[in-house]
$ cat run-v6.txt   # compact mmCIF, C-alpha atoms and all ligand atoms
# COMPACT_ATOMS: atom_id res chain seq x y z
CA MET A 79 0.00 0.00 0.00
CA ALA A 80 1.27 3.30 -0.95
CA THR A 81 1.89 5.55 1.99
CA THR A 82 2.68 9.14 2.16
CA SER A 83 5.97 9.69 3.81
CA GLN A 84 5.43 11.11 7.25
CA THR A 85 8.98 12.22 7.39
CA GLN A 86 9.16 15.92 7.55
CA THR A 87 12.17 17.75 6.46
CA VAL A 88 13.14 19.88 9.39
CA MET A 89 14.87 22.97 8.20
CA GLU A 90 17.41 23.76 10.83
CA ALA A 91 17.70 27.48 11.27
CA GLU A 92 21.20 28.81 10.75
CA PRO A 93 22.53 29.99 14.11
CA THR A 94 23.05 33.71 14.30
CA TYR A 95 25.81 35.42 16.21
CA THR A 96 26.56 38.64 17.90
CA THR A 97 29.83 39.97 19.30
CA ILE A 98 30.52 40.76 22.92
CA MET A 99 33.44 42.56 24.42
CA LEU A 100 35.47 41.26 27.32
CA ARG A 101 37.97 43.06 29.48
CA ALA A 102 41.44 41.54 29.50
CA GLY A 103 44.11 43.31 31.46
CA HIS A 104 44.21 46.86 30.17
CA GLU A 105 42.59 46.14 26.85
CA SER A 106 39.42 44.51 25.59
CA VAL A 107 38.88 41.61 23.23
CA HIS A 108 35.92 40.51 21.17
CA ARG A 109 34.16 37.20 21.29
CA ARG A 110 31.57 35.76 18.92
CA VAL A 111 28.44 34.55 20.71
CA SER A 112 25.42 32.65 19.42
CA THR A 113 22.07 34.39 19.89
CA THR A 114 20.37 31.04 20.60
CA PRO A 115 18.84 31.12 24.11
CA PRO A 116 20.91 29.29 26.73
CA ARG A 117 20.22 25.59 27.29
CA ASP A 118 21.15 23.39 30.24
CA CYS A 119 24.69 22.02 30.13
CA ARG A 120 25.29 18.33 29.44
CA PRO A 121 27.30 16.22 31.91
CA ASP A 122 30.08 15.89 29.34
CA GLU A 123 30.33 19.69 29.19
CA ILE A 124 30.38 20.41 32.93
CA PRO A 125 31.02 17.08 34.66
CA LEU A 126 30.28 16.27 38.28
CA ILE A 127 33.43 14.93 39.94
CA ASP A 128 33.50 13.10 43.25
CA ILE A 129 36.49 14.39 45.20
CA ASN A 130 36.06 12.16 48.22
CA GLY A 131 39.52 11.56 49.68
CA ILE A 132 41.01 14.81 48.39
CA TYR A 133 42.41 15.79 51.81
CA ASN A 134 44.13 12.62 52.89
CA ASP A 135 44.37 10.07 50.09
CA ALA A 136 47.18 10.53 47.55
CA VAL A 137 45.93 7.64 45.42
CA ALA A 138 42.45 9.20 45.24
CA ARG A 139 43.99 12.55 44.25
CA LYS A 140 45.85 10.91 41.40
CA LYS A 141 42.68 9.25 40.15
CA MET A 142 40.65 12.43 40.32
CA ALA A 143 43.43 14.34 38.53
CA ALA A 144 42.83 12.31 35.38
CA ILE A 145 39.13 13.29 35.41
CA VAL A 146 39.78 16.91 36.37
CA LYS A 147 42.34 17.22 33.56
CA HIS A 148 39.75 16.13 31.02
CA ALA A 149 37.31 18.78 32.29
CA VAL A 150 39.74 21.69 32.49
CA GLU A 151 41.16 21.04 29.04
CA ARG A 152 37.64 21.26 27.61
CA SER A 153 35.12 23.55 29.31
CA GLY A 154 37.33 24.64 32.23
CA PHE A 155 34.30 24.11 34.47
CA PHE A 156 33.26 21.18 36.67
CA TYR A 157 31.15 20.48 39.76
CA VAL A 158 32.63 18.79 42.83
CA LYS A 159 30.78 16.72 45.40
CA ASN A 160 32.07 15.33 48.70
CA HIS A 161 34.17 18.47 48.91
CA GLY A 162 34.35 18.39 52.71
CA ILE A 163 32.83 21.82 53.43
CA ASP A 164 30.13 21.09 55.99
CA GLU A 165 26.58 21.92 55.01
CA GLU A 166 26.19 23.70 58.35
CA VAL A 167 29.15 25.97 57.59
CA ILE A 168 27.64 26.81 54.21
CA GLU A 169 24.20 27.43 55.69
CA ASN A 170 25.59 29.73 58.38
CA ALA A 171 27.52 31.70 55.76
CA ARG A 172 24.41 31.92 53.57
CA GLN A 173 22.34 33.25 56.47
CA ALA A 174 25.06 35.78 57.30
CA THR A 175 25.09 36.85 53.66
CA ILE A 176 21.34 37.43 53.63
CA LYS A 177 21.53 39.39 56.88
CA PHE A 178 24.21 41.64 55.45
CA PHE A 179 22.39 42.47 52.23
CA GLU A 180 19.02 42.94 54.00
CA GLN A 181 20.44 45.98 55.79
CA SER A 182 19.69 49.55 54.78
CA ALA A 183 21.86 51.13 52.10
CA GLU A 184 23.31 53.37 54.80
CA ALA A 185 24.39 50.40 56.93
CA LYS A 186 25.92 48.60 53.95
CA ASN A 187 27.76 51.72 52.87
CA ARG A 188 29.50 51.87 56.23
CA VAL A 189 31.78 49.25 54.68
CA SER A 190 31.64 50.69 51.18
CA ARG A 191 34.37 49.70 48.75
CA ALA A 192 34.83 53.42 48.18
CA LYS A 193 36.50 53.53 51.63
CA SER A 194 38.92 50.74 50.72
CA LYS A 195 42.43 51.05 49.36
CA HIS A 196 42.21 47.59 47.85
CA PHE A 197 38.66 46.90 46.59
CA ASN A 198 37.47 45.32 49.86
CA GLY A 199 33.97 45.89 51.18
CA TYR A 200 30.52 46.56 49.79
CA SER A 201 29.66 47.58 46.25
CA GLY A 202 26.09 48.44 45.33
CA ARG A 203 23.90 47.57 42.39
CA GLY A 204 25.03 49.07 39.10
CA THR A 205 28.39 50.30 40.38
CA THR A 206 30.43 47.92 38.23
CA GLN A 207 30.28 46.91 34.60
CA ILE A 208 32.44 43.88 34.11
CA SER A 209 31.56 43.49 30.43
CA PRO A 210 31.71 46.71 28.39
CA SER A 211 29.11 45.38 25.92
CA GLU A 212 26.52 44.40 28.52
CA SER A 213 24.57 46.37 31.12
CA LEU A 214 25.88 47.55 34.45
CA ASP A 215 26.11 44.61 36.85
CA MET A 216 22.79 44.33 38.72
CA LYS A 217 24.33 42.73 41.77
CA GLU A 218 25.54 43.81 45.16
CA SER A 219 28.76 42.36 46.55
CA PHE A 220 30.89 42.20 49.65
CA MET A 221 34.55 41.30 49.22
CA TRP A 222 37.50 40.58 51.49
CA GLN A 223 41.03 39.37 50.78
CA TYR A 224 43.57 37.00 52.25
CA ASP A 225 44.57 37.80 55.81
CA PRO A 226 47.26 35.62 57.45
CA LYS A 227 45.62 35.98 60.85
CA PHE A 228 42.65 33.92 59.60
CA ASP A 229 44.70 31.31 57.71
CA PRO A 230 43.88 27.82 59.02
CA GLU A 231 47.57 27.00 58.41
CA GLN A 232 48.58 29.17 61.35
CA LYS A 233 50.82 32.10 60.48
CA ASP A 234 52.88 34.16 62.84
CA ALA A 235 52.32 37.83 61.95
CA GLY A 236 55.96 38.56 62.83
CA THR A 237 57.33 36.15 60.25
CA VAL A 238 55.46 37.20 57.12
CA PRO A 239 58.22 37.74 54.53
CA PRO A 240 58.50 41.42 53.47
CA GLY A 241 57.94 40.51 49.80
CA VAL A 242 54.64 38.89 50.74
CA LYS A 243 53.64 41.72 53.10
CA ALA A 244 53.90 44.28 50.32
CA TRP A 245 51.14 42.45 48.47
CA LEU A 246 48.73 41.76 51.34
CA ARG A 247 45.41 43.50 50.73
CA HIS A 248 43.28 42.78 53.80
CA GLU A 249 41.53 45.60 55.73
CA ASP A 250 39.81 45.44 59.10
CA PHE A 251 37.24 48.21 58.54
CA ILE A 252 34.96 45.71 56.77
CA TRP A 253 34.80 43.55 59.92
CA ASP A 254 34.50 46.55 62.28
CA GLY A 255 31.63 47.89 60.18
CA THR A 256 29.75 44.57 60.26
CA ALA A 257 30.37 43.73 63.95
CA HIS A 258 26.73 44.60 64.77
CA ILE A 259 25.49 41.59 62.74
CA PRO A 260 25.69 38.69 65.22
CA GLY A 261 28.12 36.00 64.06
CA PHE A 262 28.74 37.63 60.68
CA GLN A 263 32.52 37.67 60.69
CA SER A 264 32.97 34.25 62.26
CA ASP A 265 30.43 32.56 59.95
CA ILE A 266 31.96 34.12 56.87
CA ILE A 267 35.55 33.48 57.91
CA THR A 268 34.79 29.85 58.84
CA TYR A 269 33.40 29.30 55.35
CA TRP A 270 36.42 31.07 53.82
CA GLN A 271 38.83 28.91 55.86
CA MET A 272 37.23 25.74 54.57
CA CYS A 273 37.40 27.04 51.02
CA LEU A 274 41.09 27.82 51.51
CA LYS A 275 41.76 24.34 52.84
CA LEU A 276 39.93 22.79 49.90
CA ALA A 277 41.72 25.05 47.42
CA ARG A 278 45.17 24.04 48.72
CA SER A 279 44.21 20.39 48.26
CA LEU A 280 42.79 21.05 44.82
CA ALA A 281 46.07 22.77 43.92
CA LYS A 282 47.71 19.36 44.42
CA VAL A 283 45.25 17.83 41.98
CA PHE A 284 45.95 20.59 39.46
CA ALA A 285 49.71 19.95 39.80
CA LEU A 286 49.09 16.27 39.04
CA CYS A 287 46.99 17.31 36.02
CA GLU A 288 50.10 19.09 34.73
CA ASP A 289 52.26 15.97 35.24
CA LEU A 290 54.04 17.67 38.12
CA PRO A 291 54.68 16.37 41.65
CA GLU A 292 51.57 17.08 43.71
CA ASP A 293 53.38 19.49 46.04
CA TYR A 294 54.77 21.53 43.17
CA PHE A 295 52.57 24.54 43.99
CA ALA A 296 52.87 24.27 47.78
CA ARG A 297 55.50 27.01 48.15
CA LEU A 298 53.33 29.30 45.99
CA THR A 299 50.27 28.95 48.20
CA THR A 300 51.67 29.86 51.63
CA TYR A 301 50.11 33.39 51.50
CA PRO A 302 47.85 32.92 48.52
CA GLY A 303 45.35 35.01 46.67
CA ALA A 304 42.22 33.94 48.51
CA ASP A 305 39.49 36.49 47.87
CA GLY A 306 36.10 35.81 49.36
CA VAL A 307 33.02 37.40 47.82
CA LEU A 308 29.34 37.40 48.76
CA ASN A 309 27.02 38.19 45.86
CA TYR A 310 23.37 39.22 45.96
CA TYR A 311 21.38 39.24 42.71
CA PRO A 312 17.98 40.83 43.38
CA ALA A 313 14.87 39.11 42.03
CA ALA A 314 13.70 40.15 38.58
CA LEU A 315 11.56 43.25 38.99
CA ASP A 316 8.37 42.00 37.40
CA ASP A 317 6.96 39.24 35.21
CA LYS A 318 7.73 41.12 32.04
CA GLU A 319 11.35 41.54 32.97
CA ALA A 320 11.59 37.90 34.04
CA ALA A 321 10.11 36.68 30.78
CA ASP A 322 11.94 39.01 28.49
CA ASP A 323 15.01 37.21 27.26
CA GLY A 324 16.08 40.27 25.34
CA ASN A 325 16.34 42.25 28.54
CA ASP A 326 19.91 43.30 28.96
CA LYS A 327 20.05 43.61 32.74
CA VAL A 328 22.80 41.20 33.57
CA GLY A 329 23.61 40.20 37.17
CA ILE A 330 27.31 40.06 36.38
CA GLY A 331 28.38 40.47 32.77
CA ALA A 332 30.50 38.14 30.67
CA HIS A 333 34.01 37.74 32.10
CA THR A 334 36.68 35.27 33.04
CA ASP A 335 38.09 34.91 36.54
CA LEU A 336 41.57 36.22 37.10
CA GLN A 337 43.46 33.92 39.40
CA CYS A 338 44.17 30.17 39.32
CA PHE A 339 40.74 28.77 40.01
CA THR A 340 37.43 29.64 41.63
CA LEU A 341 35.27 27.66 44.04
CA LEU A 342 31.67 28.76 43.75
CA TRP A 343 28.78 28.02 46.03
CA GLN A 344 25.51 29.05 44.42
CA ASP A 345 22.05 28.78 45.95
CA GLU A 346 19.11 26.90 44.40
CA VAL A 347 17.90 29.78 42.20
CA GLY A 348 20.12 29.31 39.13
CA GLY A 349 21.33 31.87 36.62
CA LEU A 350 24.99 30.98 35.98
CA GLN A 351 25.79 30.69 32.26
CA VAL A 352 28.99 29.46 30.64
CA LEU A 353 30.15 30.20 27.08
CA ASN A 354 31.10 26.91 25.43
CA SER A 355 33.59 26.36 22.62
CA ASP A 356 30.75 26.50 20.06
CA ASP A 357 30.09 30.08 21.22
CA GLU A 358 26.79 29.12 22.87
CA TRP A 359 25.66 30.06 26.34
CA ILE A 360 24.95 26.97 28.43
CA LYS A 361 23.40 27.01 31.90
CA ALA A 362 25.31 25.61 34.88
CA PRO A 363 22.31 24.92 37.11
CA PRO A 364 22.61 24.50 40.87
CA VAL A 365 23.32 20.92 41.93
CA PRO A 366 22.64 20.39 45.65
CA GLY A 367 25.69 19.45 47.70
CA THR A 368 28.18 20.62 45.07
CA LEU A 369 30.49 23.53 44.37
CA VAL A 370 31.33 24.75 40.88
CA VAL A 371 35.06 24.92 40.11
CA ASN A 372 36.43 26.89 37.18
CA VAL A 373 39.89 27.71 35.90
CA GLY A 374 41.06 31.34 35.95
CA ASP A 375 43.28 33.30 33.59
CA PHE A 376 46.47 32.90 35.61
CA LEU A 377 46.38 29.10 35.59
CA MET A 378 45.54 29.19 31.92
CA ARG A 379 48.68 31.25 31.26
CA MET A 380 50.80 28.91 33.33
CA SER A 381 49.45 25.90 31.46
CA ASN A 382 50.30 27.58 28.14
CA ASP A 383 46.54 27.63 27.35
CA ARG A 384 46.03 23.91 27.95
CA PHE A 385 43.57 24.64 30.74
CA LYS A 386 40.66 26.86 29.76
CA SER A 387 39.64 29.99 31.60
CA THR A 388 36.11 30.15 30.31
CA VAL A 389 33.77 33.11 29.91
CA HIS A 390 30.73 33.10 32.18
CA ARG A 391 28.05 35.46 33.49
CA VAL A 392 24.94 35.47 35.67
CA TYR A 393 21.35 36.46 34.96
CA ASN A 394 18.80 36.26 37.72
CA ARG A 395 15.50 35.87 35.88
CA ALA A 396 13.76 34.36 38.91
CA ALA A 397 11.10 35.99 41.03
CA VAL A 398 13.31 35.44 44.07
CA ASP A 399 16.68 36.81 45.16
CA ARG A 400 19.81 34.84 44.31
CA TYR A 401 22.94 34.56 46.47
CA SER A 402 26.33 33.12 45.69
CA MET A 403 29.67 32.87 47.51
CA PRO A 404 32.66 32.58 45.18
CA PHE A 405 36.20 32.07 46.47
CA PHE A 406 39.01 33.09 44.13
CA PHE A 407 42.28 31.23 44.65
CA GLY A 408 45.64 32.27 43.29
CA PHE A 409 49.33 31.94 44.01
CA ASN A 410 51.17 34.21 46.46
CA PHE A 411 50.77 37.65 44.86
CA ASN A 412 54.52 38.38 44.95
CA GLU A 413 55.61 35.17 43.17
CA THR A 414 56.50 35.62 39.53
CA CYS A 415 55.50 32.50 37.61
CA GLY A 416 56.28 31.45 34.07
CA VAL A 417 54.69 28.79 31.91
CA LEU A 418 55.08 25.39 33.57
CA PRO A 419 57.99 23.25 32.33
CA THR A 420 55.64 20.37 31.48
CA CYS A 421 53.56 22.62 29.24
CA VAL A 422 56.31 23.61 26.82
CA ASP A 423 58.21 21.67 24.23
CA GLU A 424 59.67 22.40 20.81
CA ALA A 425 56.26 22.34 19.18
CA HIS A 426 54.66 24.38 21.96
CA PRO A 427 56.97 27.19 23.07
CA ALA A 428 55.90 29.37 25.99
CA LYS A 429 53.29 31.89 24.89
CA TYR A 430 53.69 34.12 27.95
CA GLU A 431 56.39 35.86 29.89
CA PRO A 432 56.54 35.31 33.63
CA ILE A 433 54.27 37.51 35.73
CA SER A 434 52.81 37.39 39.23
CA CYS A 435 49.20 36.77 40.17
CA GLY A 436 49.29 40.07 42.05
CA GLU A 437 50.26 42.05 38.94
CA VAL A 438 47.55 40.40 36.85
CA CYS A 439 44.88 41.20 39.45
CA LEU A 440 46.00 44.77 39.93
CA LEU A 441 45.92 45.51 36.23
CA SER A 442 42.49 44.11 35.79
CA LEU A 443 40.95 45.66 38.90
CA ARG A 444 42.30 49.06 37.95
CA THR A 445 40.70 48.75 34.55
CA SER A 446 37.33 47.81 36.08
CA LEU A 447 37.52 50.64 38.57
CA LEU A 448 38.25 53.11 35.84
CA HIS A 449 35.17 51.90 34.03
CA SER A 450 32.98 52.18 37.08
CA ILE A 451 34.09 55.77 37.62
CA VAL A 452 33.84 57.18 34.12
CA GLU A 453 30.49 57.92 32.53
CA GLU A 454 28.77 55.62 30.10
CA TRP A 455 29.65 57.79 27.14
CA VAL A 456 33.32 57.07 27.68
CA SER A 457 32.49 53.42 27.55
CA ASP A 458 30.60 53.95 24.30
CA ILE A 459 33.54 55.74 22.71
CA PHE A 460 35.86 53.04 23.96
CA PHE A 461 33.61 50.38 22.45
CA SER A 462 33.52 52.16 19.11
CA LEU A 463 37.27 52.65 19.03
CA GLN A 464 37.87 49.03 19.89
CA TRP A 465 35.41 48.01 17.22
CA CYS A 466 37.23 50.10 14.59
CA ARG A 467 40.51 48.65 15.74
CA SER A 468 39.13 45.17 15.50
CA ARG A 469 38.45 45.69 11.80
CA PHE A 470 42.21 45.88 11.36
CA GLN A 471 42.88 42.90 13.56
CA ALA A 472 40.63 40.44 11.87
CA SER A 473 42.69 37.49 12.93
CA ARG A 474 41.83 38.10 16.54
CA VAL A 475 38.13 38.55 15.90
CA ASP A 476 37.90 35.54 13.63
CA LYS A 477 39.87 33.21 15.81
CA LYS A 478 37.47 30.85 17.51
CA THR A 479 39.72 29.78 20.28
CA GLY A 480 37.01 30.34 22.83
CA SER A 481 37.91 31.39 26.27
CA GLY A 482 41.59 31.37 25.56
CA GLU A 483 41.52 34.54 23.62
CA GLN A 484 41.05 37.05 26.34
CA ALA A 485 43.52 35.37 28.62
CA ALA A 486 46.03 35.37 25.80
CA ALA A 487 45.47 39.05 25.41
CA ALA A 488 45.73 39.78 29.10
CA VAL A 489 48.71 41.94 29.88
CA THR A 490 49.45 42.21 26.21
CA THR A 491 52.76 43.93 26.66
CA ARG A 492 54.08 40.81 28.31
CA VAL A 493 52.92 38.30 25.77
CA LEU A 494 55.76 36.79 23.79
CA SER A 495 55.35 37.11 20.07
O1 LIG A 501 27.43 34.32 41.21
C1 LIG A 501 27.87 33.46 40.47
O2 LIG A 501 27.29 32.40 40.27
C2 LIG A 501 29.16 33.69 39.74
C3 LIG A 501 29.85 34.96 40.12
C4 LIG A 501 31.08 35.20 39.32
O3 LIG A 501 31.25 34.68 38.26
C5 LIG A 501 32.12 36.06 39.88
O4 LIG A 501 31.88 36.72 40.92
O5 LIG A 501 33.21 36.13 39.28
FE FE A 502 33.35 34.80 37.68

$ encode --input "run-v6.txt" --output "structure tokens" --more "lines below"
Ligand SMILES: O=C(O)CCC(=O)C(=O)O
Ligand SMILES: [Fe+2]
Amino acid sequence: MATTSQTQTVMEAEPTYTTIMLRAGHESVHRRVSTTPPRDCRPDEIPLIDINGIYNDAVARKKMAAIVKHAVERSGFFYVKNHGIDEEVIENARQATIKFFEQSAEAKNRVSRAKSKHFNGYSGRGTTQISPSESLDMKESFMWQYDPKFDPEQKDAGTVPPGVKAWLRHEDFIWDGTAHIPGFQSDIITYWQMCLKLARSLAKVFALCEDLPEDYFARLTTYPGADGVLNYYPAALDDKEAADDGNDKVGIGAHTDLQCFTLLWQDEVGGLQVLNSDDEWIKAPPVPGTLVVNVGDFLMRMSNDRFKSTVHRVYNRAAVDRYSMPFFFGFNFNETCGVLPTCVDEAHPAKYEPISCGEVCLLSLRTSLLHSIVEEWVSDIFFSLQWCRSRFQASRVDKKTGSGEQAAAAVTTRVLS
């Protein structure tokens, strides 16, 4: 019997792209991005890795290194479970975070970042713009930096080497100005201490990923970059805003993290998006009991671009507030580091000159600060100039190396040709 074919020819729509701009050191780079709405990530894109045994089992660390290596050479992002940070510690820090942001603007501004010499403290909604081609960042944040007196590996204040001291960026006014919130400092610092302990153990795993002895980074993490941040992303204003995918109010715009790697606790609301190597935004939804780990620019440099520092951003489209607590881990700010010996050979010469984590952070933070101070029109001119310039640097625009590009451009003057 003759049948009519029920097969329908599905015409796949050609993906369309736009271009976004990313800050990288003291310049900006372009990145092609699909306009297709974000979809959930697949487990092969952002895997969930069990790190049980990371603190005390060298064999387990070796095994997890093989899996971590696979993830960081591809998306640069993975989830970890059995990470050893107690749920109670996380819950206490979350409650402390909510209490802080619930305060009046006046109370929060007592610890304003404007009073800091080093970017510590509170920054309000719309006071930063991490991506020049997206909106102001619609989040509020509270930030603090490594302080040896809180280090769980006890440090004697009298023995901090002068080279290290020159790079320490902690300030007590943020704790003095929050002392009225019961338990705030101790809950936040306890969480930070557990992140620091986990990060030092993960640094061993990253060394193994690079075919180095697991303690290779130990001397670089005695007084490390260990920035704690509390983020508050207010609920979408109304249904229209929540539903409108074209709305450009980003929680934190597209960026890469600066240091070696980031540990991120995010609540159950969702909103984190990661730019994959096909230039599509994929969602990294909350997974209970896990932290998200992602590689930063500095580790990418040291790995000669083997490990990917991947672009990400946050939109809170939900009708409820979102909170997150990232922890940014880097090497001692005074230590100048070159590309790792296991990441260079005749076919792959070092792409970068040695630099310290401290210098990289300073450059980038200064650039962001400049942009938060100057008016929007300056940003527009900057964007236009960069766009014109990009027409003459087609190779950079066309290159589809994904996240690598902006890290490669970071601190351009230092990049080897
Ligand atoms: O809030 C988040 O989920 C991510 C925040 C982030 O990417 C950052 O602070 O660098
Ligand atoms: Fe980030």

$ closest_residue --input "run-v6.txt" --among "A:Gly436, A:Pro312, A:Pro239, A:Gly416" --to "ligand LIG 501 (chain A)" --atoms "all atoms listed in the file"
A:Pro312

$ closest_residue --input "run-v6.txt" --among "A:Gln181, A:Thr113, A:Thr97, A:Ser434" --to "A:Leu298" --atoms "all atoms listed in the file"
A:Ser434

$ closest_atom_pairs --input "run-v6.txt" --of "stretch 194-286 of chain A" --to "stretch 145-164 of chain A" --cutoff "8 Å" --atoms "all atoms listed in the file" --output "CSV"
residue,atom,partner,partner_atom,distance
A:Tyr269,CA,A:Ile163,CA,7.7
A:Met272,CA,A:Ile163,CA,6.0
A:Cys273,CA,A:Ile163,CA,7.3
A:Leu276,CA,A:His161,CA,7.3
A:Val283,CA,A:Val146,CA,7.9
A:Phe284,CA,A:Lys147,CA,7.7

$ closest_residue --input "run-v6.txt" --among "A:Ala91, A:Val107, A:Met403, A:Val307" --to "A:Asn198" --atoms "all atoms listed in the file"
A:Val307

$ atom_distance --input "run-v6.txt" --atom1 "atom CA of A:Leu377" --atom2 "atom CA of A:Lys361"
23.4 Å

$ closest_residue --input "run-v6.txt" --among "A:Ile252, A:Ala362, A:Ala397, A:Leu336" --to "ligand FE 502 (chain A)" --atoms "all atoms listed in the file"
A:Leu336

$ closest_residue --input "run-v6.txt" --among "A:Glu92, A:Asp234, A:Glu166, A:Asp305" --to "ligand LIG 501 (chain A)" --atoms "all atoms listed in the file"
A:Asp305

$ residues_near_point --input "run-v6.txt" --point "(57.2, 24.3, 26.9)" --cutoff "12 Å" --atoms "only C-alpha atoms" --output "PDB file with C-alpha atoms, keeping the file's coordinate frame"
ATOM      1  CA  GLU A 288      50.100  19.090  34.730  1.00  0.00           C
ATOM      2  CA  ARG A 379      48.680  31.250  31.260  1.00  0.00           C
ATOM      3  CA  MET A 380      50.800  28.910  33.330  1.00  0.00           C
ATOM      4  CA  SER A 381      49.450  25.900  31.460  1.00  0.00           C
ATOM      5  CA  ASN A 382      50.300  27.580  28.140  1.00  0.00           C
ATOM      6  CA  ASP A 383      46.540  27.630  27.350  1.00  0.00           C
ATOM      7  CA  ARG A 384      46.030  23.910  27.950  1.00  0.00           C
ATOM      8  CA  GLY A 416      56.280  31.450  34.070  1.00  0.00           C
ATOM      9  CA  VAL A 417      54.690  28.790  31.910  1.00  0.00           C
ATOM     10  CA  LEU A 418      55.080  25.390  33.570  1.00  0.00           C
ATOM     11  CA  PRO A 419      57.990  23.250  32.330  1.00  0.00           C
ATOM     12  CA  THR A 420      55.640  20.370  31.480  1.00  0.00           C
ATOM     13  CA  CYS A 421      53.560  22.620  29.240  1.00  0.00           C
ATOM     14  CA  VAL A 422      56.310  23.610  26.820  1.00  0.00           C
ATOM     15  CA  ASP A 423      58.210  21.670  24.230  1.00  0.00           C
ATOM     16  CA  GLU A 424      59.670  22.400  20.810  1.00  0.00           C
ATOM     17  CA  ALA A 425      56.260  22.340  19.180  1.00  0.00           C
ATOM     18  CA  HIS A 426      54.660  24.380  21.960  1.00  0.00           C
ATOM     19  CA  PRO A 427      56.970  27.190  23.070  1.00  0.00           C
ATOM     20  CA  ALA A 428      55.900  29.370  25.990  1.00  0.00           C
ATOM     21  CA  LYS A 429      53.290  31.890  24.890  1.00  0.00           C
ATOM     22  CA  TYR A 430      53.690  34.120  27.950  1.00  0.00           C
ATOM     23  CA  GLU A 431      56.390  35.860  29.890  1.00  0.00           C
TER      24      GLU A 431
END

$ closest_residue --input "run-v6.txt" --among "A:Asn394, A:Ser209, A:Gln271, A:Thr340" --to "ligand FE 502 (chain A)" --atoms "all atoms listed in the file"
A:Thr340

$ closest_atom_pairs --input "run-v6.txt" --of "chain A" --to "ligand FE 502 (chain A)" --cutoff "8 Å" --atoms "all atoms listed in the file" --output "CSV"
residue,atom,partner,partner_atom,distance
A:His333,CA,A:FE502,FE,6.3
A:Thr334,CA,A:FE502,FE,5.7
A:Asp335,CA,A:FE502,FE,4.9
A:Thr340,CA,A:FE502,FE,7.7
A:Val389,CA,A:FE502,FE,8.0
A:His390,CA,A:FE502,FE,6.3
A:Arg391,CA,A:FE502,FE,6.8
A:Pro404,CA,A:FE502,FE,7.9

$ atom_distance --input "run-v6.txt" --atom1 "atom CA of A:Ala257" --atom2 "atom CA of A:Tyr311"
23.5 Å

$ residues_near_ligand --input "run-v6.txt" --ligand "ligand LIG 501 (chain A)" --cutoff "10 Å" --atoms "all atoms listed in the file" --output "PyMOL selection string"
chain A and resi 208+217+219+221+306-311+329-336+340-345+347-352+362-364+370+372+374+389-394+400-406

$ atom_distance --input "run-v6.txt" --atom1 "atom CA of A:Glu437" --atom2 "atom CA of A:Ser106"
17.4 Å

$ residues_around --input "run-v6.txt" --residues "A:Glu212" --least-positions-apart "2" --cutoff "8 Å" --atoms "only C-alpha atoms" --output "count of residues only"
10

$ residues_around --input "run-v6.txt" --residues "A:Phe228" --least-positions-apart "6" --cutoff "12 Å" --atoms "only C-alpha atoms" --output "list in words"
Trp222, Asp234, Ala235, His248, Asp250, Gln263, Ser264, Ile266, Ile267, Thr268, Tyr269, Trp270, Gln271, Met272, Leu274, Lys275, Tyr301 and Ala304 of chain A

$ residues_around --input "run-v6.txt" --residues "stretch 132-135 of chain A" --least-positions-apart "3" --cutoff "8 Å" --atoms "all atoms listed in the file" --output "list in words"
Ile129, Ala138, Arg139, His161, Leu276, Ser279 and Leu280 of chain A

$ residues_near_point --input "run-v6.txt" --point "(49.5, 36.3, 56.9)" --cutoff "12 Å" --atoms "only C-alpha atoms" --output "compact mmCIF listing (two decimals) with C-alpha atoms, keeping the file's coordinate frame"
# COMPACT_ATOMS: atom_id res chain seq x y z
CA GLN A 223 41.03 39.37 50.78
CA TYR A 224 43.57 37.00 52.25
CA ASP A 225 44.57 37.80 55.81
CA PRO A 226 47.26 35.62 57.45
CA LYS A 227 45.62 35.98 60.85
CA PHE A 228 42.65 33.92 59.60
CA ASP A 229 44.70 31.31 57.71
CA PRO A 230 43.88 27.82 59.02
CA GLU A 231 47.57 27.00 58.41
CA GLN A 232 48.58 29.17 61.35
CA LYS A 233 50.82 32.10 60.48
CA ASP A 234 52.88 34.16 62.84
CA ALA A 235 52.32 37.83 61.95
CA GLY A 236 55.96 38.56 62.83
CA THR A 237 57.33 36.15 60.25
CA VAL A 238 55.46 37.20 57.12
CA PRO A 239 58.22 37.74 54.53
CA PRO A 240 58.50 41.42 53.47
CA GLY A 241 57.94 40.51 49.80
CA VAL A 242 54.64 38.89 50.74
CA LYS A 243 53.64 41.72 53.10
CA ALA A 244 53.90 44.28 50.32
CA TRP A 245 51.14 42.45 48.47
CA LEU A 246 48.73 41.76 51.34
CA ARG A 247 45.41 43.50 50.73
CA HIS A 248 43.28 42.78 53.80
CA THR A 299 50.27 28.95 48.20
CA THR A 300 51.67 29.86 51.63
CA TYR A 301 50.11 33.39 51.50
CA PRO A 302 47.85 32.92 48.52
CA GLY A 303 45.35 35.01 46.67
CA ALA A 304 42.22 33.94 48.51
CA ASN A 410 51.17 34.21 46.46
